[in-house]
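J.: Have a look at this one.
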Amino acid sequence: MASVTLRNISKRYGDSPEVMRDIQLDIADGEFVVFVGPSGCGKSTLLRMIAGLEDISGGDMYIGDERVNDIPPAKRGIAMVFQSYALYPHMSLYDNMAFGLKLAGKSKPEIDAAVQKAAKILHIDHLLDRKPKALSGGQRQRVAIGRAITREPKVFLFDEPLSNLDAALRVKMRLEFSRLHQDLKTTMIYVTHDQVEAMTLADKIVVLSAGRVEQVGSPQTLYHHPANRFVAGFIGSPKMNFIDGVVVSANAQHVTVQISHGGVQTVCVDGSTLQPGSKVTLGVRPEYLRRDDSQPTVHGRVSTVESLGDFSYLYAESDSASEPLICRMPDGEHAANGSLAGFSIPPHHCHLFREDGLALPRTQAITQAVAPAH
Amino acid sequence: MHTSAHPALRKGTDSSPGHAASARPGRGTQRWLQSPAVVSLLLWSIVPLLMTVWFSLIRYNLLSPEDTGFVGLQNYQFMWSDPAFLPAVFNTLLLTVAVLVISVVGGVLLAVLYDQPFMGRGIARLLVIAPFFVMPTVSALIWKNMLLHPVYGLVAAATTALGLPPIDWLGEYPMLSIIIIVSWQWLPFAFLILLTAIQSLDQEQKEAAQIDGAGPIAMFFYIVLPHLKRAIGVVVMIETIFLLSIFAEIYTTTAGGPGTATTTLSYLIYQLGLQQFDVGMASTGGILAVILANIVSVFLVRMLANNLKGENER
Ligand SMILES: Nc1ncnc2c1ncn2[C@@H]1O[C@H](COP(=O)(O)OP(=O)(O)O)[C@@H](O)[C@H]1O
Ligand SMILES: [Mg+2]
């Protein structure tokens with residue numbers, strides 16, 4: 001068990017420009033941290049630097065109190081589960097899980113106890129004689145996790161462990177990761193590009209984009225108080241609606257915005273840094289965009305309705321937004337394709353982003369958001 | 001790979017009749033259409049074999065064409081009592097096994113080496129592979145006249161430079177010289193196959209082993225070597241086929257000598273058939289060579305079968 005601390009970490013491959021810059025991160029002992037971000041943003045690179053598989057180009061990395069920059073992977077007290085599982089194909093499951101302990105010179109009974117224990121936790125104790133090839137994807141995944149567990153690491157590292165599994169199995173394994181963390185209470189760092197995995201698993205989410213940390217916080221914080229437009233758009237599914245507008249007036253409690261090709265909208269954010277006339281972007285999640293034909297502030301033309309059973313998503317083309325507006329409707333409400341629809345936005349469910357993408361602090365809905373994550 | 005393809009193939013043929021049963025030709029037609037290929041293959045391989053068997057059972061010497069007739073197994077008896085025969089079998093096996101060991105061990109080591117990134121790796125790799133593209137006669141001549149020659153050879157120059165007397169390699173260590181020459185040709189082949197195999201080793205597997213604490217030596221024995229097992233099997237099988245019938249290198253360097261020191265089975269057959277014009281005896285040698293090759297291949301097939309079975313159990 002250990003904390004992980006990153007100070008001014010940067011990474012460059014060869015002579016090419018830095019792919020990661022100035023990363024600061026504090027991961028507490030026993031925390032479940034998820035790195036999330038679009039493909040190519042550097043999640044794997046960051047994880048591999050923690051594992052010791054990539055050199056650290058600059059900065060200091062600590063696991064516990066120890067600076068690990070120059071310590072080889074095997075001595076860092078970490079265990080890693082790879083996306084491809086990376087099981088040793090010619091070894092039985094037992095040997096796969098025992099390999100690290102064998103190399104460490106542990107005695108046979110010690111190894112046996114550790115392997116059996118891990119196998120029991122993961123329900124693979126009846127498969128130990130098999131070779132990896134004779135297993136399903138989910139079982140291989142378990143073996144890979146088992147191999148990590150037998151090492152009794154201080155920190156677990158997972159690189160997109162579920163991305164090779166089918167949707168149903170993914171949900172199941174996701175629950176197992178939660179359970180595993182509750183059982184072992186070890187620090188875990190988990191990389192994914194799937195924000196649903198991030199939201200469901202994490203104590204703390206680290207949103208990365210293009211080699212930078214965009215925001216660090218609990219799932220609730222990220223959802224209700226995204227620090228910028230990137231995080232707001234990345235967290236939540238379907239995506240937040242972004243609507244263009246211009247500030248009419250602003251104070252520390254409210255901002256009034258003229259929506260382009262729409263009405264005037266009040267937003268409950270601290271607008272003390274805004275000047276009237278400056279361009280802003282309104283953000284509202286699909287579940288808070290209301291269909292309202294009596295006093296609409298935004299208009300759109302219905303393009304598609306996706307029914308998911310208990311509710312449906314309405315997609316509407318609007319002049320106020322560059323992408324189609326998405327509105328969540330109770331199932332049973334209907335909208336004909338091509339018809340005009342009006343929408344209104346509750347002021348306290350609205351986010352406001354400056355032209356540079358930074359979010360303005362919200363002044364209401366605080367009660368909901370400040371409530372601790374756990 | 002072969003074994004895993006089988007079920008898929010079978011599935012393919014199983015499912016298709018359902019779709020177009022009426023349009024498909026019946027079994028009889030299928031056979032009939034296959035027959036040209038099967039028959040020509042049969043002629044191609046069986047007829048020469050049967051002719052050789054027949055020749056090995058008759059008296060057939062081109063120097064005394066009037067002296068003919070069926071002699072049964074007399075040729076075989078005669079061959080068995082030939083003082084050159086058993087040494088030839090032994091030499092054939094020695095050459096084959098020695099070159100196999102050298103090329104596989106050397107090939108694995110070179111492949112591991114060339115899997116590491118270093119300056120000029122592409123060119124170095126090409127140079128290692130080059131000997132394989134040199135014709136056997138040419139490479140034998142190069143070795144004989146330019147490298148191993150006691151007067152003009154580079155090796156002799158090197159030994160005299162060290163103050164040692166030059167060695168007449170082909171005269172004093174004829175078999176060793178042949179083994180060196182043939183290994184020089186076949187090591188690149190093993191290297192090429194093993195390098196591609198080693199490059200297909202999953203990088204994450206190596207990293208996992210690294211995290212598990214495997215140093216370079218443990219990595220080699222626990223991860224790399226097992227991964228190469230199948231490729232080594234392929235190298236051994238293909239090389240064996242060619243090594244059992246090595247001829248040009250012996251012909252151009254030692255001509256089977258001194259004495260019978262480098263006479264292999266294929267060289268013995270050449271001597272009987274084309275130097276003594278005894279086609280009957282040469283055919284006998286040929287049939288014995290076929291039997292030897294079959295004995296060796298039974299071992300090989302068994303080894304490979306175990307190997308592949310191991311793969312399937314994964
Ligand atoms: N071995 C490498 N050499 C050069 N660039 C690399 C290498 N590995 C990754 N990169 C670059 O680093 C960036 C981050 O990659 P990665 O960490 O794999 O992204 P992610 O895991 O978030 O999809 C990418 O721009 C990628 O092109
Ligand atoms: Mg990645």
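Quick note on naming: the chains in the structure tokens go A, B, ... in the order shown, residues restart at 1 in each chain, and ligands are numbered from 1 in order of appearance.
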As a compact mmCIF listing (two decimals) with N, CA and C atoms, in the first residue's frame, please: every protein or nucleic acid residue near ligand 2 (cut-off 8 Å, counting only C-alpha atoms and all ligand atoms).

T.:
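Dumped everything to pocket37.txt:
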# COMPACT_ATOMS: atom_id res chain seq x y z
N SER A 39 -8.28 8.92 -27.07
CA SER A 39 -7.17 8.10 -27.52
C SER A 39 -5.97 8.98 -27.92
N GLY A 40 -4.80 8.58 -27.49
CA GLY A 40 -3.59 9.31 -27.86
C GLY A 40 -3.26 10.48 -26.95
N GLY A 42 -2.12 10.29 -23.92
CA GLY A 42 -0.98 10.02 -23.06
C GLY A 42 -1.30 9.24 -21.80
N LYS A 43 -2.46 8.64 -21.74
CA LYS A 43 -2.82 7.86 -20.55
C LYS A 43 -1.86 6.69 -20.35
N SER A 44 -1.65 5.93 -21.45
CA SER A 44 -0.78 4.76 -21.33
C SER A 44 0.64 5.19 -21.01
N THR A 45 1.09 6.25 -21.64
CA THR A 45 2.44 6.73 -21.40
C THR A 45 2.63 7.05 -19.92
N ASP A 159 -4.16 -1.02 -17.62
CA ASP A 159 -4.23 -0.25 -18.86
C ASP A 159 -5.38 -0.77 -19.72
N GLU A 160 -6.46 -0.04 -19.76
CA GLU A 160 -7.65 -0.40 -20.53
C GLU A 160 -7.96 -1.90 -20.41
N VAL A 191 -6.58 2.93 -16.31
CA VAL A 191 -6.63 3.77 -17.50
C VAL A 191 -7.78 3.33 -18.39
N THR A 192 -8.54 4.27 -18.87
CA THR A 192 -9.60 3.93 -19.81
C THR A 192 -9.92 5.13 -20.68

J.: So which bits of range 147-314 of chain A end up helix (DSSP H, G or I) when you DSSP the backbone, as a PyMOL selection string?

T.: chain A and resi 147-150+167-184+195-201+219-224+229-234

J.: Mind dumping the selected residues with N, CA and C atoms as a short mmCIF file (atom, residue, chain, number, x, y, z; two decimals), in the first residue's frame?

T.:
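Okay, part-v7.cif is ready:
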data_model
loop_
_atom_site.label_atom_id
_atom_site.label_comp_id
_atom_site.auth_asym_id
_atom_site.auth_seq_id
_atom_site.Cartn_x
_atom_site.Cartn_y
_atom_site.Cartn_z
N ARG A 147 -2.42 -12.72 -11.72
CA ARG A 147 -0.97 -12.61 -11.76
C ARG A 147 -0.52 -11.34 -11.04
N ALA A 148 -1.32 -10.29 -11.19
CA ALA A 148 -0.99 -9.05 -10.49
C ALA A 148 -1.17 -9.22 -8.98
N ILE A 149 -2.24 -9.89 -8.60
CA ILE A 149 -2.53 -10.02 -7.16
C ILE A 149 -1.44 -10.81 -6.44
N THR A 150 -0.95 -11.89 -7.07
CA THR A 150 0.04 -12.72 -6.37
C THR A 150 1.30 -11.95 -6.02
N ALA A 167 -19.70 -6.16 -24.37
CA ALA A 167 -20.35 -5.16 -23.52
C ALA A 167 -20.86 -5.75 -22.21
N ALA A 168 -21.50 -6.94 -22.29
CA ALA A 168 -22.09 -7.51 -21.08
C ALA A 168 -21.00 -7.88 -20.07
N LEU A 169 -19.94 -8.49 -20.60
CA LEU A 169 -18.86 -8.92 -19.73
C LEU A 169 -18.15 -7.71 -19.12
N ARG A 170 -18.11 -6.64 -19.91
CA ARG A 170 -17.45 -5.44 -19.43
C ARG A 170 -18.15 -4.91 -18.18
N VAL A 171 -19.47 -4.91 -18.21
CA VAL A 171 -20.22 -4.42 -17.06
C VAL A 171 -19.95 -5.32 -15.85
N LYS A 172 -19.91 -6.62 -16.11
CA LYS A 172 -19.69 -7.58 -15.02
C LYS A 172 -18.30 -7.40 -14.41
N MET A 173 -17.29 -7.31 -15.30
CA MET A 173 -15.92 -7.17 -14.80
C MET A 173 -15.73 -5.84 -14.09
N ARG A 174 -16.46 -4.83 -14.55
CA ARG A 174 -16.36 -3.53 -13.90
C ARG A 174 -16.76 -3.65 -12.45
N LEU A 175 -17.83 -4.39 -12.21
CA LEU A 175 -18.27 -4.59 -10.82
C LEU A 175 -17.21 -5.36 -10.04
N GLU A 176 -16.55 -6.30 -10.73
CA GLU A 176 -15.52 -7.07 -10.03
C GLU A 176 -14.33 -6.20 -9.65
N PHE A 177 -14.01 -5.25 -10.51
CA PHE A 177 -12.92 -4.34 -10.15
C PHE A 177 -13.29 -3.56 -8.89
N SER A 178 -14.54 -3.11 -8.81
CA SER A 178 -14.98 -2.41 -7.60
C SER A 178 -14.83 -3.30 -6.38
N ARG A 179 -15.31 -4.53 -6.55
CA ARG A 179 -15.26 -5.48 -5.43
C ARG A 179 -13.81 -5.75 -5.01
N LEU A 180 -12.98 -5.93 -6.03
CA LEU A 180 -11.57 -6.21 -5.77
C LEU A 180 -10.94 -5.08 -4.97
N HIS A 181 -11.27 -3.86 -5.35
CA HIS A 181 -10.70 -2.72 -4.64
C HIS A 181 -11.20 -2.66 -3.21
N GLN A 182 -12.47 -2.99 -3.03
CA GLN A 182 -13.00 -3.01 -1.66
C GLN A 182 -12.32 -4.09 -0.82
N ASP A 183 -12.06 -5.24 -1.44
CA ASP A 183 -11.43 -6.34 -0.71
C ASP A 183 -9.97 -6.04 -0.38
N LEU A 184 -9.23 -5.60 -1.38
CA LEU A 184 -7.79 -5.46 -1.21
C LEU A 184 -7.39 -4.12 -0.61
N GLN A 195 -15.63 6.95 -20.47
CA GLN A 195 -15.95 7.78 -19.30
C GLN A 195 -16.96 7.09 -18.38
N VAL A 196 -17.73 6.12 -18.91
CA VAL A 196 -18.66 5.41 -18.02
C VAL A 196 -17.87 4.58 -17.01
N GLU A 197 -16.83 3.87 -17.49
CA GLU A 197 -15.97 3.13 -16.58
C GLU A 197 -15.36 4.06 -15.54
N ALA A 198 -14.92 5.22 -16.02
CA ALA A 198 -14.29 6.17 -15.11
C ALA A 198 -15.27 6.61 -14.03
N MET A 199 -16.48 6.98 -14.45
CA MET A 199 -17.47 7.48 -13.50
C MET A 199 -17.84 6.41 -12.48
N THR A 200 -17.99 5.15 -12.93
CA THR A 200 -18.48 4.12 -12.03
C THR A 200 -17.41 3.61 -11.09
N LEU A 201 -16.16 3.61 -11.51
CA LEU A 201 -15.12 2.98 -10.71
C LEU A 201 -14.39 3.93 -9.77
N PRO A 219 -15.94 11.86 -9.34
CA PRO A 219 -16.87 11.81 -10.47
C PRO A 219 -17.94 12.89 -10.38
N GLN A 220 -18.46 13.13 -9.17
CA GLN A 220 -19.52 14.13 -9.02
C GLN A 220 -19.01 15.52 -9.35
N THR A 221 -17.81 15.84 -8.86
CA THR A 221 -17.24 17.15 -9.13
C THR A 221 -17.09 17.36 -10.63
N LEU A 222 -16.56 16.33 -11.29
CA LEU A 222 -16.33 16.47 -12.72
C LEU A 222 -17.64 16.61 -13.48
N TYR A 223 -18.65 15.92 -12.97
CA TYR A 223 -19.92 15.95 -13.68
C TYR A 223 -20.62 17.28 -13.47
N HIS A 224 -20.63 17.76 -12.24
CA HIS A 224 -21.40 18.97 -11.94
C HIS A 224 -20.57 20.24 -12.02
N ARG A 229 -14.41 23.46 -20.83
CA ARG A 229 -15.32 22.93 -21.83
C ARG A 229 -14.93 21.52 -22.25
N PHE A 230 -13.61 21.23 -22.25
CA PHE A 230 -13.18 19.88 -22.65
C PHE A 230 -13.74 18.84 -21.68
N VAL A 231 -13.57 19.09 -20.39
CA VAL A 231 -14.04 18.13 -19.39
C VAL A 231 -15.56 18.02 -19.46
N ALA A 232 -16.23 19.17 -19.61
CA ALA A 232 -17.69 19.16 -19.69
C ALA A 232 -18.16 18.30 -20.84
N GLY A 233 -17.46 18.39 -21.97
CA GLY A 233 -17.86 17.61 -23.14
C GLY A 233 -17.48 16.15 -23.03
N PHE A 234 -16.40 15.87 -22.29
CA PHE A 234 -15.90 14.50 -22.24
C PHE A 234 -16.66 13.64 -21.24
#

J.: Range 249-266 of chain B: which residues within 8 Å, counting only C-alpha atoms, same-chain residues fewer than 4 positions away excluded, as JSON, numbers by chain?

T.: {"B": [84, 85, 87, 88, 89, 90, 91, 92, 136, 137, 139, 140, 141, 144, 170, 171, 174, 175, 178, 181, 182, 244, 245, 270, 285, 286, 289]}

J.: Pick out the chain A residues within 6 Å of chain B. Count only C-alpha atoms. Give them as a list in words.

T.: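 The complete set of qualifying residues is Pro73, Ala74, Ala86, Gly100, Lys131, Pro132, Lys133 and Ala134 of chain A.
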
J.: To check your reading of the model: which residues sit at most 10 Å from ligand 1 when counting only C-alpha atoms and all ligand atoms? Write the answer as a PyMOL selection string.

T.: chain A and resi 11-20+35-49+54+159-160+191-193+208-211

J.: Tell me, which residues of range 49-207 of chain A carry DSSP strand (DSSP E or B), written as a list in words?

T.: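 Put together, the selection reads Gly58, Gly59, Asp60, Met61, Tyr62, Ile63, Glu66, Arg67, Ile78, Ala79, Met80, Val81, Val155, Phe156, Leu157, Phe158, Asp159, Thr187, Met188, Ile189, Tyr190, Val191, Thr192, Lys204, Ile205, Val206 and Val207 of chain A.
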
J.: Could you tell me how far CA of Gly59 in chain A lies from CA of Ile9 in chain A, in Å and to one decimal?

T.: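 These two atoms are separated by 4.3 Å.
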